[in-house]
There are 2 protein chains.
Amino acid sequence: MAKSLELTVIGCGRLGSILANHFSQQGHRVVVIDRDKSAFAHLTEEFSGFALTGDAAEMQILREAKLEKADCALAVTGKDNLNIMVSQLAKTVFGVPIVLTRILEPAREEIYQKLGLTTISTTKVSATAFLQALQQQLEENIS
Amino acid sequence: MAKSLELTVIGCGRLGSILANHFSQQGHRVVVIDRDKSAFAHLTEEFSGFALTGDAAEMQILREAKLEKADCALAVTGKDNLNIMVSQLAKTVFGVPIVLTRILEPAREEIYQKLGLTTISTTKVSATAFLQALQQQLEENIS
């Protein structure tokens, strides 16, 4: 990620705020959206992006966020339905070139991928991390 | 994980149920605890382990789970405080050799590690997955 990007992060919970802080620190231009203003407390003092309070399921908020300018949108709220809705709007209405969609419920992943979305199942990713850690601990306990 | 293990999974939400189903399928003996009986709906029909309804913060439930026999306990509820409490009991009172603790709030991870726990920040793991996916998409868009 050498060049400076326009990144829109939808959801400023634990995951969204880590990403927003990271991107800002890397010199990218970041817009982060959350309907709950208190979520922005997760942002560091160094965060130089734009925090927008509102419901990302509303077109008006996505327009305010200037989503059409984004190089990438990351839908990372804790709600699968919201993530998929925003992701589809980002792709089809706003023409965002890269859209990444968080999926919490692994059973839905196949459907989302059929809709042409690039999904990341944070549940599966977490499960894999646990299996790897267990394997490592078992090997350490044997040796 | 060649030999059959006794595994206790605390929390049968999305993450806990993936792990419990996986371990059961691999031929391990699994006990999964959740205070909400409906959480066990996540378990597959093939799940051959033992599902125990109760509050894992209570010693009585951990005794019923025969935690002292476990080779590994995985505390993967959505509540950091519960995960740390159960993990400490598993290590110190029940002598479980391998204890893996889920951390949602990354800021707490250092404290937990100082307490000697093996923590996995599912938030950090998820953020890393998003950064990797973004990097991959950027490379594909350039090429």
# chains A, B, ... in the order shown; residues from 1 in each chain; ligands from 1
$ select_by_dssp --residues "range 49-122 of chain B" --states "strand (DSSP E or B)" --output "list in words"
Phe50, Ala51, Leu52, Thr53, Cys72, Ala73, Leu74, Ala75, Ile98, Val99, Leu100, Thr101, Arg102, Ile103, Thr118, Thr119, Ile120 and Ser121 of chain B
$ interface_residues --of "chain A" --to "chain B" --cutoff "6 Å" --atoms "only C-alpha atoms" --output "PyMOL selection string"
chain A and resi 15+122-123+126
$ write_last_selection --atoms "all heavy atoms" --output "short mmCIF file (atom, residue, chain, number, x, y, z; two decimals), in the first residue's frame"
data_model
loop_
_atom_site.label_atom_id
_atom_site.label_comp_id
_atom_site.auth_asym_id
_atom_site.auth_seq_id
_atom_site.Cartn_x
_atom_site.Cartn_y
_atom_site.Cartn_z
N LEU A 15 -13.12 -3.74 15.69
CA LEU A 15 -12.44 -4.06 14.44
C LEU A 15 -12.30 -2.82 13.55
O LEU A 15 -11.21 -2.50 13.07
CB LEU A 15 -13.20 -5.16 13.70
CG LEU A 15 -12.64 -5.57 12.33
CD1 LEU A 15 -11.19 -6.01 12.43
CD2 LEU A 15 -13.50 -6.69 11.72
N THR A 122 -14.89 -13.33 9.86
CA THR A 122 -14.03 -13.12 11.04
C THR A 122 -14.18 -14.28 12.02
O THR A 122 -13.25 -14.56 12.79
CB THR A 122 -14.36 -11.78 11.71
OG1 THR A 122 -15.77 -11.65 11.88
CG2 THR A 122 -13.87 -10.62 10.85
N THR A 123 -15.31 -14.97 11.96
CA THR A 123 -15.49 -16.13 12.84
C THR A 123 -14.55 -17.26 12.41
O THR A 123 -13.86 -17.86 13.23
CB THR A 123 -16.95 -16.62 12.79
OG1 THR A 123 -17.82 -15.51 13.00
CG2 THR A 123 -17.21 -17.67 13.84
N SER A 126 -10.95 -16.45 13.15
CA SER A 126 -10.67 -16.60 14.58
C SER A 126 -10.53 -18.08 14.94
O SER A 126 -9.64 -18.46 15.72
CB SER A 126 -11.79 -15.97 15.41
OG SER A 126 -11.89 -14.59 15.13
#
$ residues_around --residues "Leu62 in chain A" --least-positions-apart "2" --cutoff "12 Å" --atoms "only C-alpha atoms" --output "compact mmCIF listing (two decimals) with N, CA, C and O atoms, in the first residue's frame"
# COMPACT_ATOMS: atom_id res chain seq x y z
N THR A 8 -12.93 4.02 3.10
CA THR A 8 -14.13 4.22 3.90
C THR A 8 -14.36 2.98 4.76
O THR A 8 -14.46 1.86 4.24
N VAL A 9 -14.41 3.20 6.06
CA VAL A 9 -14.62 2.10 7.00
C VAL A 9 -16.03 2.24 7.58
O VAL A 9 -16.34 3.27 8.18
N ILE A 10 -16.85 1.23 7.39
CA ILE A 10 -18.22 1.28 7.90
C ILE A 10 -18.28 0.45 9.17
O ILE A 10 -18.13 -0.78 9.13
N VAL A 31 -12.41 7.81 5.94
CA VAL A 31 -13.72 8.21 6.47
C VAL A 31 -14.26 7.00 7.23
O VAL A 31 -14.27 5.88 6.70
N VAL A 32 -14.66 7.21 8.48
CA VAL A 32 -15.23 6.11 9.25
C VAL A 32 -16.65 6.50 9.66
O VAL A 32 -16.90 7.62 10.10
N ILE A 33 -17.58 5.57 9.46
CA ILE A 33 -18.99 5.82 9.72
C ILE A 33 -19.48 4.90 10.84
O ILE A 33 -19.18 3.70 10.84
N ASP A 34 -20.21 5.47 11.78
CA ASP A 34 -20.88 4.66 12.79
C ASP A 34 -22.13 5.41 13.22
O ASP A 34 -22.13 6.63 13.29
N LEU A 52 -17.93 10.14 10.79
CA LEU A 52 -19.27 10.54 10.38
C LEU A 52 -20.32 9.73 11.15
O LEU A 52 -20.33 8.50 11.07
N THR A 53 -21.17 10.44 11.89
CA THR A 53 -22.20 9.76 12.67
C THR A 53 -23.46 9.58 11.83
O THR A 53 -24.00 10.56 11.32
N GLY A 54 -23.92 8.35 11.68
CA GLY A 54 -25.15 8.13 10.93
C GLY A 54 -25.32 6.66 10.58
O GLY A 54 -24.41 5.84 10.79
N ASP A 55 -26.47 6.36 10.04
CA ASP A 55 -26.81 4.99 9.68
C ASP A 55 -26.32 4.72 8.25
O ASP A 55 -26.83 5.30 7.29
N ALA A 56 -25.37 3.82 8.14
CA ALA A 56 -24.77 3.54 6.83
C ALA A 56 -25.73 2.85 5.87
O ALA A 56 -25.42 2.68 4.69
N ALA A 57 -26.89 2.47 6.36
CA ALA A 57 -27.91 1.90 5.46
C ALA A 57 -28.68 2.99 4.72
O ALA A 57 -29.49 2.69 3.86
N GLU A 58 -28.39 4.25 5.07
CA GLU A 58 -29.08 5.36 4.40
C GLU A 58 -28.18 5.98 3.33
O GLU A 58 -27.03 6.34 3.61
N MET A 59 -28.73 6.13 2.14
CA MET A 59 -27.97 6.68 1.02
C MET A 59 -27.37 8.05 1.37
O MET A 59 -26.26 8.38 0.95
N GLN A 60 -28.14 8.84 2.11
CA GLN A 60 -27.69 10.20 2.43
C GLN A 60 -26.34 10.19 3.16
O GLN A 60 -25.46 11.00 2.86
N GLU A 64 -22.79 11.68 1.96
CA GLU A 64 -22.01 12.60 2.82
C GLU A 64 -20.57 12.09 2.99
O GLU A 64 -19.64 12.87 3.08
N ALA A 65 -20.45 10.77 3.02
CA ALA A 65 -19.12 10.18 3.18
C ALA A 65 -18.32 10.25 1.88
O ALA A 65 -17.15 9.87 1.86
N LYS A 66 -18.96 10.74 0.82
CA LYS A 66 -18.34 10.80 -0.51
C LYS A 66 -17.80 9.42 -0.93
O LYS A 66 -16.65 9.26 -1.35
N LEU A 67 -18.68 8.45 -0.78
CA LEU A 67 -18.27 7.07 -1.03
C LEU A 67 -17.82 6.86 -2.47
O LEU A 67 -16.98 6.00 -2.76
N GLU A 68 -18.34 7.68 -3.38
CA GLU A 68 -17.96 7.52 -4.80
C GLU A 68 -16.48 7.82 -5.04
O GLU A 68 -15.92 7.41 -6.06
N LYS A 69 -15.85 8.49 -4.10
CA LYS A 69 -14.42 8.80 -4.24
C LYS A 69 -13.52 7.71 -3.64
O LYS A 69 -12.29 7.77 -3.80
N ALA A 70 -14.13 6.79 -2.93
CA ALA A 70 -13.32 5.80 -2.19
C ALA A 70 -12.64 4.80 -3.13
O ALA A 70 -13.23 4.36 -4.12
N ALA A 73 -13.88 0.31 0.23
CA ALA A 73 -14.82 0.35 1.35
C ALA A 73 -14.71 -0.94 2.13
O ALA A 73 -14.62 -2.02 1.53
N MET A 85 -25.60 -5.03 2.75
CA MET A 85 -26.36 -3.96 2.09
C MET A 85 -25.43 -2.82 1.69
O MET A 85 -25.44 -2.36 0.54
N VAL A 86 -24.61 -2.38 2.62
CA VAL A 86 -23.68 -1.29 2.34
C VAL A 86 -22.68 -1.70 1.26
O VAL A 86 -22.34 -0.91 0.37
N SER A 87 -22.24 -2.94 1.32
CA SER A 87 -21.25 -3.42 0.34
C SER A 87 -21.83 -3.40 -1.07
O SER A 87 -21.16 -3.00 -2.03
N LEU A 89 -24.32 -1.51 -2.15
CA LEU A 89 -24.46 -0.10 -2.55
C LEU A 89 -23.10 0.46 -2.98
O LEU A 89 -22.99 1.15 -3.99
N ALA A 90 -22.08 0.15 -2.21
CA ALA A 90 -20.74 0.67 -2.51
C ALA A 90 -20.29 0.22 -3.90
O ALA A 90 -19.76 1.00 -4.69
N VAL A 93 -23.83 1.21 -6.74
CA VAL A 93 -24.27 2.60 -6.86
C VAL A 93 -23.08 3.56 -6.88
O VAL A 93 -23.03 4.50 -7.68
N PHE A 94 -22.10 3.31 -6.02
CA PHE A 94 -21.00 4.26 -5.87
C PHE A 94 -19.74 3.84 -6.65
O PHE A 94 -18.77 4.59 -6.72
N VAL A 96 -17.35 1.71 -6.09
CA VAL A 96 -16.08 1.57 -5.34
C VAL A 96 -15.33 0.35 -5.87
O VAL A 96 -15.90 -0.75 -5.93
$ calpha_fit_and_write --fixed "chain A" --moving "chain B" --output "PDB file with C-alpha atoms, in the first residue's frame"
ATOM      1  CA  MET B   1       0.005   0.005   0.023  1.00  0.00           C
ATOM      2  CA  ALA B   2       2.538   2.559  -1.142  1.00  0.00           C
ATOM      3  CA  LYS B   3       0.280   5.262  -2.556  1.00  0.00           C
ATOM      4  CA  SER B   4      -2.192   7.213  -0.484  1.00  0.00           C
ATOM      5  CA  LEU B   5      -5.678   5.757  -0.686  1.00  0.00           C
ATOM      6  CA  GLU B   6      -9.201   6.945   0.059  1.00  0.00           C
ATOM      7  CA  LEU B   7     -10.632   4.377   2.462  1.00  0.00           C
ATOM      8  CA  THR B   8     -14.132   4.225   3.904  1.00  0.00           C
ATOM      9  CA  VAL B   9     -14.611   2.102   7.003  1.00  0.00           C
ATOM     10  CA  ILE B  10     -18.214   1.294   7.904  1.00  0.00           C
ATOM     11  CA  GLY B  11     -18.501   0.484  11.595  1.00  0.00           C
ATOM     12  CA  CYS B  12     -16.211   1.912  14.279  1.00  0.00           C
ATOM     13  CA  GLY B  13     -16.342  -0.913  16.815  1.00  0.00           C
ATOM     14  CA  ARG B  14     -13.251  -2.792  17.922  1.00  0.00           C
ATOM     15  CA  LEU B  15     -12.433  -4.072  14.441  1.00  0.00           C
ATOM     16  CA  GLY B  16     -13.381  -0.931  12.498  1.00  0.00           C
ATOM     17  CA  SER B  17     -11.430   1.332  14.811  1.00  0.00           C
ATOM     18  CA  ILE B  18      -8.265  -0.784  14.574  1.00  0.00           C
ATOM     19  CA  LEU B  19      -8.483  -0.560  10.788  1.00  0.00           C
ATOM     20  CA  ALA B  20      -9.317   3.168  10.738  1.00  0.00           C
ATOM     21  CA  ASN B  21      -6.472   4.006  13.122  1.00  0.00           C
ATOM     22  CA  HIS B  22      -4.054   1.838  11.145  1.00  0.00           C
ATOM     23  CA  PHE B  23      -4.968   3.355   7.772  1.00  0.00           C
ATOM     24  CA  SER B  24      -4.778   6.888   9.125  1.00  0.00           C
ATOM     25  CA  GLN B  25      -1.380   6.199  10.648  1.00  0.00           C
ATOM     26  CA  GLN B  26      -0.194   4.862   7.293  1.00  0.00           C
ATOM     27  CA  GLY B  27      -1.047   8.186   5.673  1.00  0.00           C
ATOM     28  CA  HIS B  28      -4.264   7.189   3.922  1.00  0.00           C
ATOM     29  CA  ARG B  29      -7.356   9.368   3.857  1.00  0.00           C
ATOM     30  CA  VAL B  30      -9.999   7.683   5.988  1.00  0.00           C
ATOM     31  CA  VAL B  31     -13.719   8.199   6.470  1.00  0.00           C
ATOM     32  CA  VAL B  32     -15.236   6.104   9.242  1.00  0.00           C
ATOM     33  CA  ILE B  33     -19.002   5.825   9.717  1.00  0.00           C
ATOM     34  CA  ASP B  34     -20.875   4.672  12.799  1.00  0.00           C
ATOM     35  CA  ARG B  35     -24.406   5.366  13.911  1.00  0.00           C
ATOM     36  CA  ASP B  36     -23.213   5.530  17.517  1.00  0.00           C
ATOM     37  CA  LYS B  37     -21.120   8.629  18.161  1.00  0.00           C
ATOM     38  CA  SER B  38     -19.527   7.053  21.250  1.00  0.00           C
ATOM     39  CA  ALA B  39     -17.896   4.433  18.993  1.00  0.00           C
ATOM     40  CA  PHE B  40     -15.444   7.094  17.843  1.00  0.00           C
ATOM     41  CA  ALA B  41     -13.868   7.030  21.305  1.00  0.00           C
ATOM     42  CA  HIS B  42     -11.939   4.011  19.919  1.00  0.00           C
ATOM     43  CA  LEU B  43     -10.089   6.333  17.527  1.00  0.00           C
ATOM     44  CA  THR B  44      -6.677   7.516  18.656  1.00  0.00           C
ATOM     45  CA  GLU B  45      -5.796  11.175  19.078  1.00  0.00           C
ATOM     46  CA  GLU B  46      -3.557  10.838  16.047  1.00  0.00           C
ATOM     47  CA  PHE B  47      -6.475   9.772  13.833  1.00  0.00           C
ATOM     48  CA  SER B  48      -6.563  12.392  11.091  1.00  0.00           C
ATOM     49  CA  GLY B  49      -9.566  11.071   9.159  1.00  0.00           C
ATOM     50  CA  PHE B  50     -13.207  12.045   9.156  1.00  0.00           C
ATOM     51  CA  ALA B  51     -15.679  10.462  11.578  1.00  0.00           C
ATOM     52  CA  LEU B  52     -19.279  10.563  10.375  1.00  0.00           C
ATOM     53  CA  THR B  53     -22.191   9.752  12.676  1.00  0.00           C
ATOM     54  CA  GLY B  54     -25.133   8.127  10.930  1.00  0.00           C
ATOM     55  CA  ASP B  55     -26.818   4.996   9.674  1.00  0.00           C
ATOM     56  CA  ALA B  56     -24.761   3.541   6.823  1.00  0.00           C
ATOM     57  CA  ALA B  57     -27.903   1.888   5.460  1.00  0.00           C
ATOM     58  CA  GLU B  58     -29.070   5.364   4.384  1.00  0.00           C
ATOM     59  CA  MET B  59     -27.968   6.689   1.022  1.00  0.00           C
ATOM     60  CA  GLN B  60     -27.683  10.204   2.408  1.00  0.00           C
ATOM     61  CA  ILE B  61     -24.920   9.157   4.827  1.00  0.00           C
ATOM     62  CA  LEU B  62     -23.015   7.328   2.119  1.00  0.00           C
ATOM     63  CA  ARG B  63     -23.234  10.433  -0.057  1.00  0.00           C
ATOM     64  CA  GLU B  64     -22.007  12.598   2.818  1.00  0.00           C
ATOM     65  CA  ALA B  65     -19.112  10.167   3.178  1.00  0.00           C
ATOM     66  CA  LYS B  66     -18.344  10.796  -0.516  1.00  0.00           C
ATOM     67  CA  LEU B  67     -18.268   7.068  -1.021  1.00  0.00           C
ATOM     68  CA  GLU B  68     -17.974   7.529  -4.801  1.00  0.00           C
ATOM     69  CA  LYS B  69     -14.429   8.805  -4.238  1.00  0.00           C
ATOM     70  CA  ALA B  70     -13.316   5.807  -2.183  1.00  0.00           C
ATOM     71  CA  ASP B  71     -10.691   3.398  -3.494  1.00  0.00           C
ATOM     72  CA  CYS B  72     -11.874   0.835  -0.982  1.00  0.00           C
ATOM     73  CA  ALA B  73     -14.823   0.359   1.352  1.00  0.00           C
ATOM     74  CA  LEU B  74     -14.638  -2.024   4.303  1.00  0.00           C
ATOM     75  CA  ALA B  75     -17.993  -3.007   5.814  1.00  0.00           C
ATOM     76  CA  VAL B  76     -17.062  -4.260   9.269  1.00  0.00           C
ATOM     77  CA  THR B  77     -20.050  -3.649  11.525  1.00  0.00           C
ATOM     78  CA  GLY B  78     -21.269  -6.426  13.802  1.00  0.00           C
ATOM     79  CA  LYS B  79     -24.361  -6.876  11.628  1.00  0.00           C
ATOM     80  CA  ASP B  80     -24.112  -9.115   8.596  1.00  0.00           C
ATOM     81  CA  ASN B  81     -27.224  -7.694   6.927  1.00  0.00           C
ATOM     82  CA  LEU B  82     -25.954  -4.143   7.200  1.00  0.00           C
ATOM     83  CA  ASN B  83     -22.507  -5.147   5.929  1.00  0.00           C
ATOM     84  CA  ILE B  84     -23.948  -6.824   2.834  1.00  0.00           C
ATOM     85  CA  MET B  85     -26.354  -3.975   2.089  1.00  0.00           C
ATOM     86  CA  VAL B  86     -23.679  -1.293   2.335  1.00  0.00           C
ATOM     87  CA  SER B  87     -21.246  -3.424   0.342  1.00  0.00           C
ATOM     88  CA  GLN B  88     -23.696  -3.839  -2.508  1.00  0.00           C
ATOM     89  CA  LEU B  89     -24.451  -0.114  -2.562  1.00  0.00           C
ATOM     90  CA  ALA B  90     -20.727   0.654  -2.504  1.00  0.00           C
ATOM     91  CA  LYS B  91     -20.110  -1.605  -5.503  1.00  0.00           C
ATOM     92  CA  THR B  92     -23.139  -0.951  -7.661  1.00  0.00           C
ATOM     93  CA  VAL B  93     -24.275   2.608  -6.874  1.00  0.00           C
ATOM     94  CA  PHE B  94     -21.000   4.261  -5.876  1.00  0.00           C
ATOM     95  CA  GLY B  95     -18.651   2.201  -8.069  1.00  0.00           C
ATOM     96  CA  VAL B  96     -16.075   1.575  -5.353  1.00  0.00           C
ATOM     97  CA  PRO B  97     -13.334  -0.598  -6.920  1.00  0.00           C
ATOM     98  CA  ILE B  98     -12.527  -2.679  -3.830  1.00  0.00           C
ATOM     99  CA  VAL B  99     -15.189  -3.677  -1.321  1.00  0.00           C
ATOM    100  CA  LEU B 100     -14.440  -6.013   1.584  1.00  0.00           C
ATOM    101  CA  THR B 101     -17.342  -7.417   3.585  1.00  0.00           C
ATOM    102  CA  ARG B 102     -17.204  -8.832   7.079  1.00  0.00           C
ATOM    103  CA  ILE B 103     -19.317 -11.928   7.686  1.00  0.00           C
ATOM    104  CA  LEU B 104     -19.962 -13.110  11.219  1.00  0.00           C
ATOM    105  CA  GLU B 105     -22.257 -16.022  10.453  1.00  0.00           C
ATOM    106  CA  PRO B 106     -20.180 -18.492   8.412  1.00  0.00           C
ATOM    107  CA  ALA B 107     -23.287 -20.211   6.995  1.00  0.00           C
ATOM    108  CA  ARG B 108     -24.079 -17.060   5.026  1.00  0.00           C
ATOM    109  CA  GLU B 109     -20.689 -16.759   3.381  1.00  0.00           C
ATOM    110  CA  GLU B 110     -21.498 -18.808   0.275  1.00  0.00           C
ATOM    111  CA  ILE B 111     -24.565 -16.713  -0.522  1.00  0.00           C
ATOM    112  CA  TYR B 112     -22.600 -13.500  -0.155  1.00  0.00           C
ATOM    113  CA  GLN B 113     -19.838 -14.739  -2.397  1.00  0.00           C
ATOM    114  CA  LYS B 114     -22.443 -15.665  -5.021  1.00  0.00           C
ATOM    115  CA  LEU B 115     -23.513 -12.028  -4.931  1.00  0.00           C
ATOM    116  CA  GLY B 116     -19.968 -11.209  -6.037  1.00  0.00           C
ATOM    117  CA  LEU B 117     -18.783  -9.836  -2.723  1.00  0.00           C
ATOM    118  CA  THR B 118     -15.310 -10.355  -1.297  1.00  0.00           C
ATOM    119  CA  THR B 119     -16.105 -11.638   2.155  1.00  0.00           C
ATOM    120  CA  ILE B 120     -13.987 -12.225   5.198  1.00  0.00           C
ATOM    121  CA  SER B 121     -15.500 -14.472   7.833  1.00  0.00           C
ATOM    122  CA  THR B 122     -14.030 -13.115  11.038  1.00  0.00           C
ATOM    123  CA  THR B 123     -15.481 -16.132  12.845  1.00  0.00           C
ATOM    124  CA  LYS B 124     -13.611 -18.587  10.602  1.00  0.00           C
ATOM    125  CA  VAL B 125     -10.434 -16.538  10.778  1.00  0.00           C
ATOM    126  CA  SER B 126     -10.660 -16.610  14.585  1.00  0.00           C
ATOM    127  CA  ALA B 127     -11.325 -20.353  14.678  1.00  0.00           C
ATOM    128  CA  THR B 128      -8.263 -20.952  12.520  1.00  0.00           C
ATOM    129  CA  ALA B 129      -6.157 -18.870  14.920  1.00  0.00           C
ATOM    130  CA  PHE B 130      -7.333 -21.022  17.835  1.00  0.00           C
ATOM    131  CA  LEU B 131      -6.585 -24.267  16.007  1.00  0.00           C
ATOM    132  CA  GLN B 132      -3.088 -23.040  15.163  1.00  0.00           C
ATOM    133  CA  ALA B 133      -2.461 -21.931  18.759  1.00  0.00           C
ATOM    134  CA  LEU B 134      -3.646 -25.303  20.073  1.00  0.00           C
ATOM    135  CA  GLN B 135      -1.411 -27.153  17.634  1.00  0.00           C
ATOM    136  CA  GLN B 136       1.552 -25.027  18.718  1.00  0.00           C
ATOM    137  CA  GLN B 137       0.854 -25.584  22.412  1.00  0.00           C
ATOM    138  CA  LEU B 138       0.554 -29.339  21.881  1.00  0.00           C
ATOM    139  CA  GLU B 139       3.894 -29.410  20.097  1.00  0.00           C
ATOM    140  CA  GLU B 140       5.523 -27.375  22.889  1.00  0.00           C
ATOM    141  CA  ASN B 141       4.049 -29.674  25.555  1.00  0.00           C
ATOM    142  CA  ILE B 142       5.361 -32.766  23.793  1.00  0.00           C
ATOM    143  CA  SER B 143       8.862 -31.418  23.194  1.00  0.00           C
TER     144      SER B 143
END
$ select_by_dssp --residues "range 21-137 of chain A" --states "helix (DSSP H, G or I)" --output "PyMOL selection string"
chain A and resi 21-25+37-42+59-64+67-69+80-92+106-114+122-137
$ decode --residues "range 108-124 of chain A" --atoms "N, CA, C and O atoms" --output "compact mmCIF listing (two decimals), in the first residue's frame"
# COMPACT_ATOMS: atom_id res chain seq x y z
N ARG A 108 -23.59 -18.00 6.05
CA ARG A 108 -24.06 -17.07 5.01
C ARG A 108 -23.00 -16.78 3.95
O ARG A 108 -23.29 -16.16 2.94
N GLU A 109 -21.77 -17.21 4.22
CA GLU A 109 -20.66 -16.77 3.38
C GLU A 109 -20.86 -17.15 1.91
O GLU A 109 -20.61 -16.33 1.02
N GLU A 110 -21.34 -18.35 1.66
CA GLU A 110 -21.48 -18.82 0.28
C GLU A 110 -22.44 -17.93 -0.51
O GLU A 110 -22.17 -17.55 -1.65
N ILE A 111 -23.55 -17.58 0.14
CA ILE A 111 -24.55 -16.72 -0.52
C ILE A 111 -23.93 -15.36 -0.88
O ILE A 111 -24.11 -14.85 -1.99
N TYR A 112 -23.19 -14.82 0.04
CA TYR A 112 -22.58 -13.51 -0.18
C TYR A 112 -21.57 -13.55 -1.31
O TYR A 112 -21.48 -12.63 -2.12
N GLN A 113 -20.83 -14.63 -1.35
CA GLN A 113 -19.83 -14.75 -2.41
C GLN A 113 -20.51 -14.90 -3.77
O GLN A 113 -20.01 -14.39 -4.77
N LYS A 114 -21.68 -15.56 -3.77
CA LYS A 114 -22.43 -15.67 -5.02
C LYS A 114 -22.92 -14.31 -5.50
O LYS A 114 -23.16 -14.10 -6.68
N LEU A 115 -23.10 -13.40 -4.56
CA LEU A 115 -23.50 -12.03 -4.92
C LEU A 115 -22.29 -11.22 -5.41
O LEU A 115 -22.40 -10.03 -5.66
N GLY A 116 -21.16 -11.88 -5.51
CA GLY A 116 -19.98 -11.21 -6.04
C GLY A 116 -19.21 -10.39 -5.02
O GLY A 116 -18.37 -9.58 -5.38
N LEU A 117 -19.48 -10.61 -3.76
CA LEU A 117 -18.78 -9.84 -2.73
C LEU A 117 -17.52 -10.57 -2.27
O LEU A 117 -17.46 -11.80 -2.27
N THR A 118 -16.51 -9.79 -1.90
CA THR A 118 -15.31 -10.35 -1.31
C THR A 118 -15.52 -10.36 0.19
O THR A 118 -15.52 -9.31 0.84
N THR A 119 -15.75 -11.54 0.73
CA THR A 119 -16.11 -11.64 2.13
C THR A 119 -14.94 -12.13 2.98
O THR A 119 -14.08 -12.88 2.51
N ILE A 120 -14.94 -11.70 4.21
CA ILE A 120 -14.00 -12.22 5.19
C ILE A 120 -14.81 -12.66 6.39
O ILE A 120 -15.47 -11.84 7.03
N SER A 121 -14.78 -13.96 6.67
CA SER A 121 -15.51 -14.47 7.82
C SER A 121 -14.61 -14.34 9.04
O SER A 121 -13.68 -15.12 9.22
N THR A 122 -14.89 -13.33 9.86
CA THR A 122 -14.03 -13.12 11.04
C THR A 122 -14.18 -14.28 12.02
O THR A 122 -13.25 -14.56 12.79
N THR A 123 -15.31 -14.97 11.96
CA THR A 123 -15.49 -16.13 12.84
C THR A 123 -14.55 -17.26 12.41
O THR A 123 -13.86 -17.86 13.23
N LYS A 124 -14.50 -17.52 11.11
CA LYS A 124 -13.62 -18.59 10.61
C LYS A 124 -12.15 -18.25 10.83
O LYS A 124 -11.35 -19.12 11.19
